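One file, upload_31.tsv, carrying TSV, C-alpha atoms:
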```tsv
chain	number	residue	atom	x	y	z
T	1	MET	CA	-89.52	101.78	-173.80
T	2	SER	CA	-91.02	104.51	-175.98
T	3	ASN	CA	-93.72	106.91	-174.90
T	4	GLU	CA	-97.35	106.09	-175.69
T	5	TYR	CA	-100.57	107.96	-176.35
T	6	ILE	CA	-103.69	107.91	-174.21
T	7	TYR	CA	-106.88	109.62	-175.30
T	8	GLY	CA	-110.24	110.57	-173.89
T	9	ILE	CA	-111.18	112.60	-170.82
T	10	HIS	CA	-111.42	109.64	-168.40
T	11	ALA	CA	-108.09	108.10	-169.41
T	12	VAL	CA	-106.21	111.40	-169.24
T	13	LYS	CA	-107.81	112.33	-165.92
T	14	ALA	CA	-106.95	108.94	-164.40
T	15	VAL	CA	-103.24	109.21	-165.25
T	16	LEU	CA	-103.18	112.80	-164.09
T	17	GLU	CA	-104.68	111.89	-160.71
T	18	LYS	CA	-102.59	108.77	-160.10
T	19	ASP	CA	-99.20	109.46	-161.68
T	20	PRO	CA	-98.90	112.95	-163.25
T	21	VAL	CA	-95.11	112.66	-163.69
T	22	ARG	CA	-95.78	110.22	-166.54
T	23	PHE	CA	-97.04	113.08	-168.74
T	24	VAL	CA	-94.68	114.28	-171.47
T	25	GLU	CA	-97.12	116.58	-173.26
T	26	ALA	CA	-100.80	116.94	-174.09
T	27	PHE	CA	-102.69	117.80	-177.27
T	28	VAL	CA	-105.99	119.64	-176.97
T	29	LEU	CA	-108.53	120.42	-179.67
T	30	LYS	CA	-108.00	124.01	-180.73
T	31	GLY	CA	-110.80	126.29	-179.55
T	32	ARG	CA	-112.42	123.78	-177.18
T	33	GLN	CA	-112.77	125.25	-173.67
T	34	ASP	CA	-115.89	123.58	-172.27
T	35	ASP	CA	-116.63	122.65	-168.65
T	36	ARG	CA	-115.39	119.07	-169.02
T	37	LEU	CA	-112.08	119.88	-170.68
T	38	LEU	CA	-111.09	123.15	-169.00
T	39	PRO	CA	-110.46	121.65	-165.51
T	40	LEU	CA	-108.17	119.03	-167.10
T	41	ILE	CA	-106.26	121.70	-169.00
T	42	ASN	CA	-105.84	123.73	-165.82
T	43	GLN	CA	-104.63	120.66	-163.93
T	44	LEU	CA	-102.12	119.83	-166.65
T	45	GLN	CA	-100.79	123.36	-166.47
T	46	VAL	CA	-100.40	123.10	-162.69
T	47	PHE	CA	-98.10	120.12	-163.21
T	48	GLY	CA	-96.15	122.00	-165.88
T	49	VAL	CA	-97.24	119.75	-168.75
T	50	SER	CA	-96.70	121.27	-172.20
T	51	ILE	CA	-100.06	121.69	-173.96
T	52	GLN	CA	-100.32	121.88	-177.73
T	53	GLN	CA	-103.45	123.41	-179.30
T	54	THR	CA	-104.12	121.04	-182.19
T	55	GLY	CA	-106.53	120.76	-185.10
T	56	ARG	CA	-109.12	118.00	-185.24
T	57	LYS	CA	-107.45	116.07	-188.09
T	58	ALA	CA	-104.13	115.88	-186.24
T	59	LEU	CA	-105.92	114.59	-183.13
T	60	ASP	CA	-107.91	112.09	-185.19
T	61	ASP	CA	-104.67	110.82	-186.73
T	62	LYS	CA	-102.98	110.38	-183.33
T	63	ALA	CA	-106.03	108.46	-182.04
T	64	ASN	CA	-106.31	106.41	-185.25
T	65	GLY	CA	-109.80	107.78	-185.81
T	66	ALA	CA	-111.10	106.80	-182.35
T	67	ASN	CA	-113.17	109.16	-180.20
T	68	HIS	CA	-110.53	111.20	-178.35
T	69	GLN	CA	-113.01	113.73	-176.87
T	70	GLY	CA	-110.69	116.58	-177.76
T	71	ILE	CA	-107.69	115.58	-175.65
T	72	ILE	CA	-104.70	113.24	-176.08
T	73	GLY	CA	-101.77	112.75	-173.73
T	74	ARG	CA	-98.30	111.49	-174.56
T	75	VAL	CA	-97.10	109.64	-171.50
T	76	LYS	CA	-94.27	107.45	-170.27
T	77	PRO	CA	-95.33	103.79	-169.96
T	78	ALA	CA	-96.65	102.67	-166.58
T	79	LYS	CA	-94.53	100.31	-164.51
T	80	ALA	CA	-95.08	96.76	-165.73
T	81	LEU	CA	-96.21	94.34	-163.03
T	82	ASN	CA	-95.30	90.64	-163.02
T	83	GLU	CA	-95.64	87.57	-160.79
T	84	ASN	CA	-93.13	89.05	-158.34
T	85	ASP	CA	-95.65	91.79	-157.50
T	86	LEU	CA	-98.49	89.39	-156.67
T	87	ASP	CA	-97.43	88.57	-153.11
T	88	GLU	CA	-97.36	92.27	-152.23
T	89	ILE	CA	-100.83	92.76	-153.72
T	90	LEU	CA	-102.19	89.74	-151.83
T	91	ALA	CA	-100.61	90.89	-148.56
T	92	SER	CA	-102.41	94.23	-148.85
T	93	GLN	CA	-105.84	92.56	-149.05
T	94	ALA	CA	-107.60	90.75	-146.19
T	95	ASN	CA	-110.02	89.04	-148.58
T	96	PRO	CA	-108.69	89.47	-152.13
T	97	LEU	CA	-110.83	89.14	-155.24
T	98	LEU	CA	-108.82	88.54	-158.42
T	99	LEU	CA	-109.73	88.25	-162.10
T	100	ILE	CA	-107.69	85.99	-164.39
T	101	LEU	CA	-108.08	86.40	-168.16
T	102	ASP	CA	-106.77	83.52	-170.26
T	103	GLY	CA	-106.39	84.41	-173.91
T	104	VAL	CA	-108.33	87.70	-174.06
T	105	THR	CA	-106.56	89.29	-177.02
T	106	ASP	CA	-109.11	91.93	-178.06
T	107	PRO	CA	-108.17	95.34	-176.57
T	108	HIS	CA	-111.84	96.40	-176.29
T	109	ASN	CA	-112.61	93.30	-174.23
T	110	LEU	CA	-109.55	93.81	-172.03
T	111	GLY	CA	-110.53	97.43	-171.43
T	112	ALA	CA	-114.10	96.48	-170.56
T	113	CYS	CA	-112.89	93.74	-168.19
T	114	LEU	CA	-110.62	96.24	-166.43
T	115	ARG	CA	-113.59	98.59	-166.05
T	116	ASN	CA	-115.65	95.77	-164.51
T	117	ALA	CA	-112.75	94.85	-162.24
T	118	ASP	CA	-112.43	98.40	-160.97
T	119	ALA	CA	-116.14	98.64	-160.25
T	120	ALA	CA	-116.11	95.30	-158.38
T	121	GLY	CA	-113.09	96.19	-156.24
T	122	VAL	CA	-110.79	93.58	-157.79
T	123	ALA	CA	-107.29	93.59	-156.28
T	124	ALA	CA	-105.57	92.67	-159.58
T	125	VAL	CA	-106.24	91.39	-163.08
T	126	ILE	CA	-103.84	88.63	-164.10
T	127	VAL	CA	-103.05	87.81	-167.74
T	128	PRO	CA	-100.46	85.65	-169.52
T	129	LYS	CA	-97.71	87.53	-171.34
T	130	ASP	CA	-98.15	85.58	-174.56
T	131	LYS	CA	-101.95	85.36	-174.78
T	132	SER	CA	-103.29	88.79	-173.94
T	133	ALA	CA	-103.92	92.15	-175.54
T	134	PRO	CA	-101.22	94.74	-174.73
T	135	LEU	CA	-102.14	97.75	-172.64
T	136	THR	CA	-102.78	100.15	-175.53
T	137	ALA	CA	-104.52	103.51	-175.84
T	138	THR	CA	-107.64	101.62	-176.95
T	139	VAL	CA	-107.62	99.57	-173.74
T	140	SER	CA	-107.21	102.72	-171.64
T	141	LYS	CA	-110.02	104.50	-173.49
T	142	VAL	CA	-112.49	101.60	-173.13
T	143	ALA	CA	-111.49	101.12	-169.49
T	144	CYS	CA	-112.50	104.75	-168.74
T	145	GLY	CA	-109.61	105.24	-166.32
T	146	ALA	CA	-109.63	101.73	-164.79
T	147	ALA	CA	-106.42	100.82	-166.63
T	148	GLU	CA	-104.67	103.26	-164.28
T	149	THR	CA	-106.34	102.07	-161.06
T	150	VAL	CA	-106.49	98.28	-161.36
T	151	PRO	CA	-103.11	96.48	-161.25
T	152	LEU	CA	-102.60	94.48	-164.46
T	153	VAL	CA	-100.17	91.64	-163.75
T	154	ARG	CA	-98.57	89.85	-166.72
T	155	VAL	CA	-97.17	86.43	-165.88
T	156	THR	CA	-94.90	84.09	-167.83
T	157	ASN	CA	-96.66	80.85	-166.87
T	158	LEU	CA	-100.34	81.23	-165.99
T	159	ALA	CA	-100.83	77.72	-164.57
T	160	ARG	CA	-97.77	78.11	-162.33
T	161	THR	CA	-99.09	81.45	-161.08
T	162	MET	CA	-102.47	79.86	-160.37
T	163	ARG	CA	-100.78	77.13	-158.32
T	164	HIS	CA	-98.89	79.81	-156.40
T	165	LEU	CA	-102.18	81.54	-155.63
T	166	GLN	CA	-103.61	78.24	-154.40
T	167	GLU	CA	-100.64	77.93	-152.05
T	168	GLN	CA	-101.68	81.34	-150.69
T	169	ASN	CA	-105.17	79.90	-149.96
T	170	VAL	CA	-106.82	81.58	-152.95
T	171	TRP	CA	-109.73	79.49	-154.31
T	172	ILE	CA	-109.72	79.49	-158.12
T	173	VAL	CA	-113.00	79.21	-160.02
T	174	GLY	CA	-113.02	78.87	-163.80
T	175	THR	CA	-115.94	79.53	-166.12
T	176	ALA	CA	-116.88	76.79	-168.57
T	177	GLY	CA	-120.06	75.93	-170.45
T	178	GLU	CA	-119.86	72.25	-169.47
T	179	ALA	CA	-119.69	72.97	-165.72
T	180	THR	CA	-122.23	71.06	-163.64
T	181	HIS	CA	-123.37	74.02	-161.52
T	182	ASP	CA	-123.82	77.72	-162.13
T	183	VAL	CA	-122.41	80.88	-160.66
T	184	TYR	CA	-125.42	81.42	-158.40
T	185	GLN	CA	-125.01	77.98	-156.82
T	186	SER	CA	-121.32	78.50	-156.05
T	187	LYS	CA	-119.65	79.87	-152.95
T	188	LEU	CA	-117.67	82.93	-154.03
T	189	THR	CA	-116.61	84.27	-150.65
T	190	GLY	CA	-113.11	84.22	-149.17
T	191	PRO	CA	-109.87	84.80	-151.10
T	192	LEU	CA	-110.97	84.15	-154.68
T	193	ALA	CA	-109.79	84.26	-158.29
T	194	ILE	CA	-112.30	84.03	-161.14
T	195	VAL	CA	-110.92	82.78	-164.47
T	196	MET	CA	-112.42	83.85	-167.77
T	197	GLY	CA	-111.32	82.22	-171.02
T	198	ALA	CA	-111.18	83.64	-174.52
T	199	GLU	CA	-114.40	83.91	-176.48
T	200	GLY	CA	-114.96	80.80	-178.55
T	201	ASP	CA	-112.02	78.73	-177.28
T	202	GLY	CA	-112.54	79.32	-173.56
T	203	MET	CA	-109.76	78.50	-171.12
T	204	ARG	CA	-106.74	76.55	-172.26
T	205	ARG	CA	-106.56	72.93	-171.09
T	206	LEU	CA	-103.88	73.43	-168.44
T	207	THR	CA	-105.66	76.52	-167.09
T	208	ARG	CA	-108.90	74.55	-166.82
T	209	GLU	CA	-107.21	71.63	-165.09
T	210	THR	CA	-105.58	73.92	-162.52
T	211	CYS	CA	-108.89	75.44	-161.38
T	212	ASP	CA	-110.38	74.28	-158.07
T	213	ASP	CA	-113.92	74.46	-159.44
T	214	LEU	CA	-115.78	75.15	-162.68
T	215	ILE	CA	-118.97	77.20	-162.95
T	216	LYS	CA	-121.22	78.43	-165.73
T	217	ILE	CA	-123.61	81.28	-166.33
T	218	PRO	CA	-127.15	79.98	-166.94
T	219	MET	CA	-128.37	80.90	-170.42
T	220	ALA	CA	-132.15	81.02	-170.97
T	221	GLY	CA	-132.23	82.22	-174.57
T	222	SER	CA	-130.94	81.02	-177.92
T	223	VAL	CA	-127.49	82.63	-177.49
T	224	SER	CA	-124.99	80.05	-176.22
T	225	SER	CA	-122.45	82.39	-174.65
T	226	LEU	CA	-121.80	85.96	-173.55
T	227	ASN	CA	-119.08	88.42	-174.47
T	228	VAL	CA	-116.14	87.86	-172.09
T	229	SER	CA	-116.45	91.31	-170.54
T	230	VAL	CA	-120.19	90.83	-169.90
T	231	ALA	CA	-119.55	87.37	-168.45
T	232	SER	CA	-116.80	88.71	-166.19
T	233	GLY	CA	-119.18	91.39	-164.93
T	234	VAL	CA	-121.87	88.80	-164.10
T	235	CYS	CA	-119.43	86.60	-162.16
T	236	LEU	CA	-117.61	89.43	-160.40
T	237	PHE	CA	-120.77	91.07	-159.16
T	238	GLU	CA	-122.25	87.78	-157.97
T	239	ALA	CA	-119.07	87.44	-155.94
T	240	VAL	CA	-119.50	91.02	-154.68
T	241	ARG	CA	-123.13	90.27	-153.69
T	242	GLN	CA	-122.12	87.17	-151.74
T	243	ARG	CA	-119.19	88.86	-150.05
T	244	GLN	CA	-121.33	91.80	-148.93
T	245	GLY	CA	-123.96	89.42	-147.56
```
As structure tokens - that is how I would like this structure written.
Amino acid sequence: MSNEYIYGIHAVKAVLEKDPVRFVEAFVLKGRQDDRLLPLINQLQVFGVSIQQTGRKALDDKANGANHQGIIGRVKPAKALNENDLDEILASQANPLLLILDGVTDPHNLGACLRNADAAGVAAVIVPKDKSAPLTATVSKVACGAAETVPLVRVTNLARTMRHLQEQNVWIVGTAGEATHDVYQSKLTGPLAIVMGAEGDGMRRLTRETCDDLIKIPMAGSVSSLNVSVASGVCLFEAVRQRQG
């Protein structure tokens, strides 16, 4: 698998702290030596990473015009996780909280969901191989480092994986507008997986049918639904509130 680019201070720092051997080289905006960037440059040098002083246009081109904050890393791909890794993740958690994303294909949404998951202490984010955004530089940038800290598990058959989780006593709650009760009326303690569907289409039929329960987020205004990353944050942090109580 070929090397990939990551950009932005948070994304570069996260890889550097968790798995520095992945770095092949780094590109830094020529002449920029401020307090945010200098510690990263020094850390890269400690690990022997080759650093190229680069003009702004070259950096802009590598980041496809996105905000790179003056630093880009070329790294080896992270180890891909699959269904075989789930049992180990579950065994490491006394009371696991999982997030399942069914059909989230927008990299900005995936990155934002990973950021929410990190903040909520989620043990793993589970996505189907064929209906999910790949883990790109955009995902890493939006995730602000969470793409390196939250295990992202890609599974071949999402419904089968959900049934396996149920066999491990994980309660699976899906979000759907037609649910009869809302997130605040639901018990979200114990081993739990929250399923979020794609914007517009929601969960696929088989995913929906495999859930143990369906919940909704109460909507008081004229908007009928929330962005998937916002909705995942609402549900995850209601679960966090209940579990802390």
Dig up all the protein and nucleic acid residues within 12 Å of (-99.6, 110.4, -162.9) in the file frame, using all atoms listed in the file, and format them as a list in words. Ala11, Val12, Lys13, Ala14, Val15, Leu16, Glu17, Lys18, Asp19, Pro20, Val21, Arg22, Phe23, Val24, Gln43, Leu44, Phe47, Val49, Gly73, Arg74, Val75, Lys76, Pro77, Ala78, Lys79, Gly145, Glu148 and Thr149 of chain T
Closest pair table for region 60-106 of chain T residues within 10 Å of region 189-205 of chain T, all atoms listed in the file, as a Markdown table:
```
| residue | atom | partner | partner_atom | distance |
| --- | --- | --- | --- | --- |
| T:Leu90 | CA | T:Pro191 | CA | 9.2 |
| T:Gln93 | CA | T:Pro191 | CA | 9.0 |
| T:Ala94 | CA | T:Pro191 | CA | 8.0 |
| T:Asn95 | CA | T:Pro191 | CA | 4.9 |
| T:Pro96 | CA | T:Pro191 | CA | 4.9 |
| T:Leu97 | CA | T:Leu192 | CA | 5.0 |
| T:Leu98 | CA | T:Ala193 | CA | 4.4 |
| T:Leu99 | CA | T:Ile194 | CA | 5.0 |
| T:Ile100 | CA | T:Val195 | CA | 4.6 |
| T:Leu101 | CA | T:Met196 | CA | 5.0 |
| T:Asp102 | CA | T:Gly197 | CA | 4.8 |
| T:Gly103 | CA | T:Ala198 | CA | 4.9 |
| T:Val104 | CA | T:Ala198 | CA | 5.0 |
| T:Thr105 | CA | T:Ala198 | CA | 7.7 |
| T:Asp106 | CA | T:Ala198 | CA | 9.2 |
```
Would you mind listing what lies within 12 Å of Ile126 (chain T) as an MDAnalysis selection string, with only C-alpha atoms counted and same-chain residues fewer than 3 positions away left out? chainID T and resid 81:83 85:86 89 97:104 110 113:114 117 122:123 129 131:133 150:159 161:162 165 193:196
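Distance annotation: of T:Glu167, T:Gly48, T:Val127, T:Ala120, the residue with the minimal separation from Ala146 (chain T) is T:Ala120; atom set is all atoms listed in the file.
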Can you pull out every residue within 10 Å of region 211-225 of chain T, counting all atoms listed in the file, but drop anything in the same chain fewer than 4 positions away, and send it as a VMD selection string? chain T and resid 159 162 to 163 166 170 to 186 193 to 195 199 to 200 206 to 207 230 to 231 234 to 235
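Atom pair CA of Arg243 (chain T) / CA of Ser92 (chain T) has a distance of 17.7 Å (rounded to one decimal).
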Within 12 Å of Gln33 (chain T), counting all atoms listed in the file, which residues show up once you throw out same-chain ones fewer than 6 positions away? Write them as a ChimeraX atom specification, please. /T:39-42,53,69-71
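Going from CA of Ala239 (chain T) over to CA of Leu188 (chain T), you cover 5.1 Å.
Interatomic distance, CA of Lys141 (chain T) against CA of Gly8 (chain T): 6.1 Å.
Ranking T:Val240, T:Ile72, T:Ile6, T:Leu29 by their shortest atom-to-atom distance to Asn116 (chain T), with all atoms listed in the file included, puts T:Val240 first.
Counting all atoms listed in the file, the residue from T:Leu236, T:Glu4, T:Ile9, T:Ala124 that sits nearest to Thr136 (chain T) is T:Glu4.
Distance check against Ala112 (chain T) using only C-alpha atoms: of T:Asn169, T:Asn227, T:Asn3, T:Gln242, the minimum falls on T:Asn227.
Between Ala143 (chain T) and the candidates T:Arg208, T:Lys57, T:His10, T:Lys187, the tightest atom-to-atom separation, counting only C-alpha atoms, involves T:His10.
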Looking at T:Glu88, T:Gln45, T:Ile51, T:Tyr5, which one is nearest to Val139 (chain T), with distances taken over only C-alpha atoms? T:Tyr5
